[in-house]
Amino acid sequence: MPERFLGLDNQIDVTGKNFELIPFGGGRRICLGLPLTIRMLYLMLGSLINSFDWELEDGVVPETMNMEDKFGLTLQMAQPLRAVPKKL
Ligand code: HEM
């Protein structure tokens with residue numbers, strides 16, 4: 001539920017200070033690639049979204065997508081998401 005962080009821009013960030021959101025870990029062993037990733041992620045994601053039309057596999061639509069999670073050290077989707085790029 002990533003939307004749970006909407007509107008909290010100034011209170012929660014990914015730099016390891018807020019334990020609700022630590023995609024890069026925290027403390028002394030925090031991800032060394034964080035500054036690079038913050039710069040590159042939006043560029044890469046934006047390029048992929050702009051360059052292709054995306055579809056879900058087997059006629060699945062967002063409304064019927066299986067959002068169940070699988071318990072583990074990190075939270076994973078029970079049924080992995082497969083997004084298929086189509087030529088524009
Ligand atoms: C979305 C992209 C990335 C995510 C989500 C991510 C996440 C993480 C996480 C969770 C850790 C473990 C931190 C901890 O133990 O507290 C880590 C460690 C590390 N990451 Fe990343 N990372 C990303 C990209 C990168 C990139 C682009 C680089 C290098 C260019 C990088 C280099 C490293 C290194 C060297 C460590 C080990 C740091 C240490 O143990 O001292 N990461 N990363």
# chains A, B, ... in the order shown; residues from 1 in each chain; ligands from 1
call {"tool": "closest_atom_pairs", "arguments": {"of": "chain A", "to": "ligand 1", "cutoff": "12 Å", "atoms": "only C-alpha atoms and all ligand atoms", "output": "tab-separated table"}}
result
residue	atom	partner	partner_atom_place_in_ligand_line	distance
A:Val14	CA	ligand 1	5 (C)	9.7
A:Thr15	CA	ligand 1	16 (O)	10.4
A:Gly16	CA	ligand 1	16 (O)	8.2
A:Lys17	CA	ligand 1	16 (O)	11.5
A:Phe19	CA	ligand 1	16 (O)	11.1
A:Leu21	CA	ligand 1	10 (C)	10.7
A:Ile22	CA	ligand 1	10 (C)	7.2
A:Pro23	CA	ligand 1	5 (C)	4.9
A:Phe24	CA	ligand 1	10 (C)	3.9
A:Gly25	CA	ligand 1	16 (O)	3.3
A:Gly26	CA	ligand 1	16 (O)	4.4
A:Gly27	CA	ligand 1	16 (O)	6.3
A:Arg28	CA	ligand 1	41 (O)	6.7
A:Arg29	CA	ligand 1	41 (O)	3.9
A:Ile30	CA	ligand 1	13 (C)	4.2
A:Cys31	CA	ligand 1	18 (C)	3.6
A:Leu32	CA	ligand 1	33 (C)	4.5
A:Gly33	CA	ligand 1	28 (C)	3.4
A:Leu34	CA	ligand 1	24 (C)	6.0
A:Pro35	CA	ligand 1	27 (C)	8.4
A:Leu36	CA	ligand 1	27 (C)	6.0
A:Thr37	CA	ligand 1	27 (C)	5.2
A:Ile38	CA	ligand 1	1 (C)	8.1
A:Arg39	CA	ligand 1	27 (C)	9.9
A:Met40	CA	ligand 1	27 (C)	8.5
A:Leu41	CA	ligand 1	1 (C)	7.0
A:Tyr42	CA	ligand 1	1 (C)	10.4
A:Met44	CA	ligand 1	1 (C)	10.9
A:Leu45	CA	ligand 1	1 (C)	11.0
A:Leu73	CA	ligand 1	10 (C)	11.1
A:Thr74	CA	ligand 1	10 (C)	9.5
call {"tool": "residues_around", "arguments": {"residues": "segment 53-64 of chain A", "least_positions_apart": "6", "cutoff": "10 Å", "atoms": "only C-alpha atoms", "output": "PDB file with C-alpha atoms, in the first residue's frame"}}
result
ATOM      1  CA  LEU A  81       3.869  -9.151 -11.403  1.00  0.00           C
ATOM      2  CA  ARG A  82       4.629  -9.606 -15.079  1.00  0.00           C
ATOM      3  CA  ALA A  83       4.259  -6.446 -17.116  1.00  0.00           C
ATOM      4  CA  VAL A  84       4.637  -6.912 -20.871  1.00  0.00           C
ATOM      5  CA  PRO A  85       6.000  -4.023 -22.979  1.00  0.00           C
ATOM      6  CA  LYS A  86       4.285  -3.488 -26.368  1.00  0.00           C
ATOM      7  CA  LYS A  87       5.562  -1.310 -29.218  1.00  0.00           C
ATOM      8  CA  LEU A  88       3.927   2.135 -29.283  1.00  0.00           C
TER       9      LEU A  88
END
call {"tool": "atom_distance", "arguments": {"atom1": "atom CA of Glu68 of chain A", "atom2": "atom CA of Ser51 of chain A"}}
result
29.2 Å
call {"tool": "select_by_dssp", "arguments": {"residues": "chain A", "states": "strand (DSSP E)", "output": "list in words"}}
result
Phe52, Asp53, Trp54, Glu55, Leu56, Asp69, Lys70, Gln76, Met77, Ala83, Val84, Pro85, Lys86 and Lys87 of chain A
call {"tool": "write_last_selection", "arguments": {"atoms": "N, CA, C and O atoms", "output": "PDB file, in the first residue's frame"}}
result
ATOM      1  N   PHE A  52       7.085   2.551 -24.159  1.00  0.00           N
ATOM      2  CA  PHE A  52       6.268   1.364 -24.451  1.00  0.00           C
ATOM      3  C   PHE A  52       4.847   1.534 -23.931  1.00  0.00           C
ATOM      4  O   PHE A  52       4.599   2.331 -23.043  1.00  0.00           O
ATOM      5  N   ASP A  53       3.965   0.729 -24.527  1.00  0.00           N
ATOM      6  CA  ASP A  53       2.653   0.525 -23.933  1.00  0.00           C
ATOM      7  C   ASP A  53       2.787  -0.719 -23.067  1.00  0.00           C
ATOM      8  O   ASP A  53       3.346  -1.720 -23.512  1.00  0.00           O
ATOM      9  N   TRP A  54       2.265  -0.690 -21.858  1.00  0.00           N
ATOM     10  CA  TRP A  54       2.443  -1.826 -20.953  1.00  0.00           C
ATOM     11  C   TRP A  54       1.132  -2.559 -20.748  1.00  0.00           C
ATOM     12  O   TRP A  54       0.088  -1.937 -20.626  1.00  0.00           O
ATOM     13  N   GLU A  55       1.222  -3.879 -20.727  1.00  0.00           N
ATOM     14  CA  GLU A  55       0.037  -4.700 -20.459  1.00  0.00           C
ATOM     15  C   GLU A  55       0.366  -5.750 -19.417  1.00  0.00           C
ATOM     16  O   GLU A  55       1.514  -6.146 -19.279  1.00  0.00           O
ATOM     17  N   LEU A  56      -0.668  -6.207 -18.714  1.00  0.00           N
ATOM     18  CA  LEU A  56      -0.462  -7.333 -17.807  1.00  0.00           C
ATOM     19  C   LEU A  56      -0.663  -8.615 -18.595  1.00  0.00           C
ATOM     20  O   LEU A  56      -1.334  -8.617 -19.626  1.00  0.00           O
ATOM     21  N   ASP A  69       0.347 -10.957  -0.634  1.00  0.00           N
ATOM     22  CA  ASP A  69       1.787 -10.979  -0.409  1.00  0.00           C
ATOM     23  C   ASP A  69       2.250 -12.284   0.213  1.00  0.00           C
ATOM     24  O   ASP A  69       1.460 -13.077   0.712  1.00  0.00           O
ATOM     25  N   LYS A  70       3.569 -12.487   0.104  1.00  0.00           N
ATOM     26  CA  LYS A  70       4.183 -13.723   0.598  1.00  0.00           C
ATOM     27  C   LYS A  70       5.081 -13.330   1.759  1.00  0.00           C
ATOM     28  O   LYS A  70       5.889 -12.416   1.636  1.00  0.00           O
ATOM     29  N   GLN A  76       7.141  -9.797  -0.566  1.00  0.00           N
ATOM     30  CA  GLN A  76       7.089 -10.069  -1.999  1.00  0.00           C
ATOM     31  C   GLN A  76       5.663 -10.365  -2.409  1.00  0.00           C
ATOM     32  O   GLN A  76       4.847 -10.748  -1.577  1.00  0.00           O
ATOM     33  N   MET A  77       5.372 -10.221  -3.714  1.00  0.00           N
ATOM     34  CA  MET A  77       4.048 -10.576  -4.201  1.00  0.00           C
ATOM     35  C   MET A  77       3.945 -12.098  -4.244  1.00  0.00           C
ATOM     36  O   MET A  77       4.883 -12.773  -4.682  1.00  0.00           O
ATOM     37  N   ALA A  83       4.732  -7.500 -16.234  1.00  0.00           N
ATOM     38  CA  ALA A  83       4.259  -6.446 -17.116  1.00  0.00           C
ATOM     39  C   ALA A  83       4.932  -6.633 -18.475  1.00  0.00           C
ATOM     40  O   ALA A  83       6.140  -6.839 -18.559  1.00  0.00           O
ATOM     41  N   VAL A  84       4.128  -6.626 -19.532  1.00  0.00           N
ATOM     42  CA  VAL A  84       4.637  -6.912 -20.871  1.00  0.00           C
ATOM     43  C   VAL A  84       4.698  -5.627 -21.698  1.00  0.00           C
ATOM     44  O   VAL A  84       3.677  -4.978 -21.904  1.00  0.00           O
ATOM     45  N   PRO A  85       5.903  -5.234 -22.167  1.00  0.00           N
ATOM     46  CA  PRO A  85       6.000  -4.023 -22.979  1.00  0.00           C
ATOM     47  C   PRO A  85       5.539  -4.285 -24.411  1.00  0.00           C
ATOM     48  O   PRO A  85       5.879  -5.309 -25.003  1.00  0.00           O
ATOM     49  N   LYS A  86       4.731  -3.378 -24.965  1.00  0.00           N
ATOM     50  CA  LYS A  86       4.285  -3.488 -26.368  1.00  0.00           C
ATOM     51  C   LYS A  86       4.815  -2.263 -27.109  1.00  0.00           C
ATOM     52  O   LYS A  86       4.911  -1.180 -26.521  1.00  0.00           O
ATOM     53  N   LYS A  87       5.098  -2.439 -28.413  1.00  0.00           N
ATOM     54  CA  LYS A  87       5.562  -1.310 -29.218  1.00  0.00           C
ATOM     55  C   LYS A  87       4.490  -0.220 -29.254  1.00  0.00           C
ATOM     56  O   LYS A  87       3.315  -0.528 -29.371  1.00  0.00           O
TER      57      LYS A  87
END
call {"tool": "decode", "arguments": {"residues": "segment 5-27 of chain A", "atoms": "N, CA and C atoms", "output": "PDB file, in the first residue's frame"}}
result
ATOM      1  N   PHE A   5       1.974   6.465   2.249  1.00  0.00           N
ATOM      2  CA  PHE A   5       2.966   7.513   2.494  1.00  0.00           C
ATOM      3  C   PHE A   5       2.617   8.829   1.799  1.00  0.00           C
ATOM      4  N   LEU A   6       1.491   8.841   1.067  1.00  0.00           N
ATOM      5  CA  LEU A   6       1.104  10.059   0.355  1.00  0.00           C
ATOM      6  C   LEU A   6       0.881  11.196   1.344  1.00  0.00           C
ATOM      7  N   GLY A   7       1.382  12.359   1.003  1.00  0.00           N
ATOM      8  CA  GLY A   7       1.167  13.535   1.840  1.00  0.00           C
ATOM      9  C   GLY A   7       2.128  13.622   3.017  1.00  0.00           C
ATOM     10  N   LEU A   8       3.051  12.640   3.122  1.00  0.00           N
ATOM     11  CA  LEU A   8       3.997  12.668   4.243  1.00  0.00           C
ATOM     12  C   LEU A   8       5.412  13.023   3.774  1.00  0.00           C
ATOM     13  N   ASP A   9       5.506  13.677   2.603  1.00  0.00           N
ATOM     14  CA  ASP A   9       6.801  13.966   1.969  1.00  0.00           C
ATOM     15  C   ASP A   9       7.838  14.553   2.921  1.00  0.00           C
ATOM     16  N   ASN A  10       7.412  15.449   3.770  1.00  0.00           N
ATOM     17  CA  ASN A  10       8.388  16.120   4.639  1.00  0.00           C
ATOM     18  C   ASN A  10       8.651  15.362   5.926  1.00  0.00           C
ATOM     19  N   GLN A  11       7.844  14.319   6.178  1.00  0.00           N
ATOM     20  CA  GLN A  11       8.004  13.601   7.455  1.00  0.00           C
ATOM     21  C   GLN A  11       8.689  12.251   7.300  1.00  0.00           C
ATOM     22  N   ILE A  12       8.544  11.625   6.122  1.00  0.00           N
ATOM     23  CA  ILE A  12       9.109  10.287   5.915  1.00  0.00           C
ATOM     24  C   ILE A  12       9.922  10.276   4.626  1.00  0.00           C
ATOM     25  N   ASP A  13      11.173   9.811   4.696  1.00  0.00           N
ATOM     26  CA  ASP A  13      11.944   9.646   3.460  1.00  0.00           C
ATOM     27  C   ASP A  13      12.677   8.302   3.481  1.00  0.00           C
ATOM     28  N   VAL A  14      13.437   8.031   2.413  1.00  0.00           N
ATOM     29  CA  VAL A  14      14.028   6.692   2.262  1.00  0.00           C
ATOM     30  C   VAL A  14      15.479   6.629   2.732  1.00  0.00           C
ATOM     31  N   THR A  15      15.912   7.634   3.476  1.00  0.00           N
ATOM     32  CA  THR A  15      17.333   7.691   3.827  1.00  0.00           C
ATOM     33  C   THR A  15      17.665   6.992   5.147  1.00  0.00           C
ATOM     34  N   GLY A  16      16.758   6.123   5.597  1.00  0.00           N
ATOM     35  CA  GLY A  16      17.073   5.284   6.751  1.00  0.00           C
ATOM     36  C   GLY A  16      16.708   5.863   8.099  1.00  0.00           C
ATOM     37  N   LYS A  17      16.048   7.018   8.093  1.00  0.00           N
ATOM     38  CA  LYS A  17      15.693   7.637   9.377  1.00  0.00           C
ATOM     39  C   LYS A  17      14.326   7.167   9.876  1.00  0.00           C
ATOM     40  N   ASN A  18      13.475   6.738   8.915  1.00  0.00           N
ATOM     41  CA  ASN A  18      12.112   6.340   9.273  1.00  0.00           C
ATOM     42  C   ASN A  18      11.957   4.856   9.002  1.00  0.00           C
ATOM     43  N   PHE A  19      11.825   4.069  10.050  1.00  0.00           N
ATOM     44  CA  PHE A  19      11.853   2.620   9.893  1.00  0.00           C
ATOM     45  C   PHE A  19      10.619   2.044   9.196  1.00  0.00           C
ATOM     46  N   GLU A  20       9.584   2.882   8.975  1.00  0.00           N
ATOM     47  CA  GLU A  20       8.415   2.407   8.216  1.00  0.00           C
ATOM     48  C   GLU A  20       8.776   2.211   6.744  1.00  0.00           C
ATOM     49  N   LEU A  21       9.840   2.885   6.276  1.00  0.00           N
ATOM     50  CA  LEU A  21      10.182   2.896   4.850  1.00  0.00           C
ATOM     51  C   LEU A  21      11.706   2.849   4.700  1.00  0.00           C
ATOM     52  N   ILE A  22      12.253   1.633   4.561  1.00  0.00           N
ATOM     53  CA  ILE A  22      13.716   1.525   4.460  1.00  0.00           C
ATOM     54  C   ILE A  22      14.124   0.634   3.278  1.00  0.00           C
ATOM     55  N   PRO A  23      13.770   1.039   2.032  1.00  0.00           N
ATOM     56  CA  PRO A  23      14.142   0.215   0.873  1.00  0.00           C
ATOM     57  C   PRO A  23      15.661   0.115   0.695  1.00  0.00           C
ATOM     58  N   PHE A  24      16.403   1.056   1.244  1.00  0.00           N
ATOM     59  CA  PHE A  24      17.861   1.034   1.089  1.00  0.00           C
ATOM     60  C   PHE A  24      18.573   0.643   2.388  1.00  0.00           C
ATOM     61  N   GLY A  25      17.825   0.095   3.324  1.00  0.00           N
ATOM     62  CA  GLY A  25      18.404  -0.233   4.613  1.00  0.00           C
ATOM     63  C   GLY A  25      18.642   1.033   5.427  1.00  0.00           C
ATOM     64  N   GLY A  26      19.556   0.951   6.372  1.00  0.00           N
ATOM     65  CA  GLY A  26      19.814   2.122   7.211  1.00  0.00           C
ATOM     66  C   GLY A  26      21.081   1.947   8.017  1.00  0.00           C
ATOM     67  N   GLY A  27      21.438   2.968   8.743  1.00  0.00           N
ATOM     68  CA  GLY A  27      22.611   2.889   9.606  1.00  0.00           C
ATOM     69  C   GLY A  27      23.912   2.824   8.832  1.00  0.00           C
TER      70      GLY A  27
END
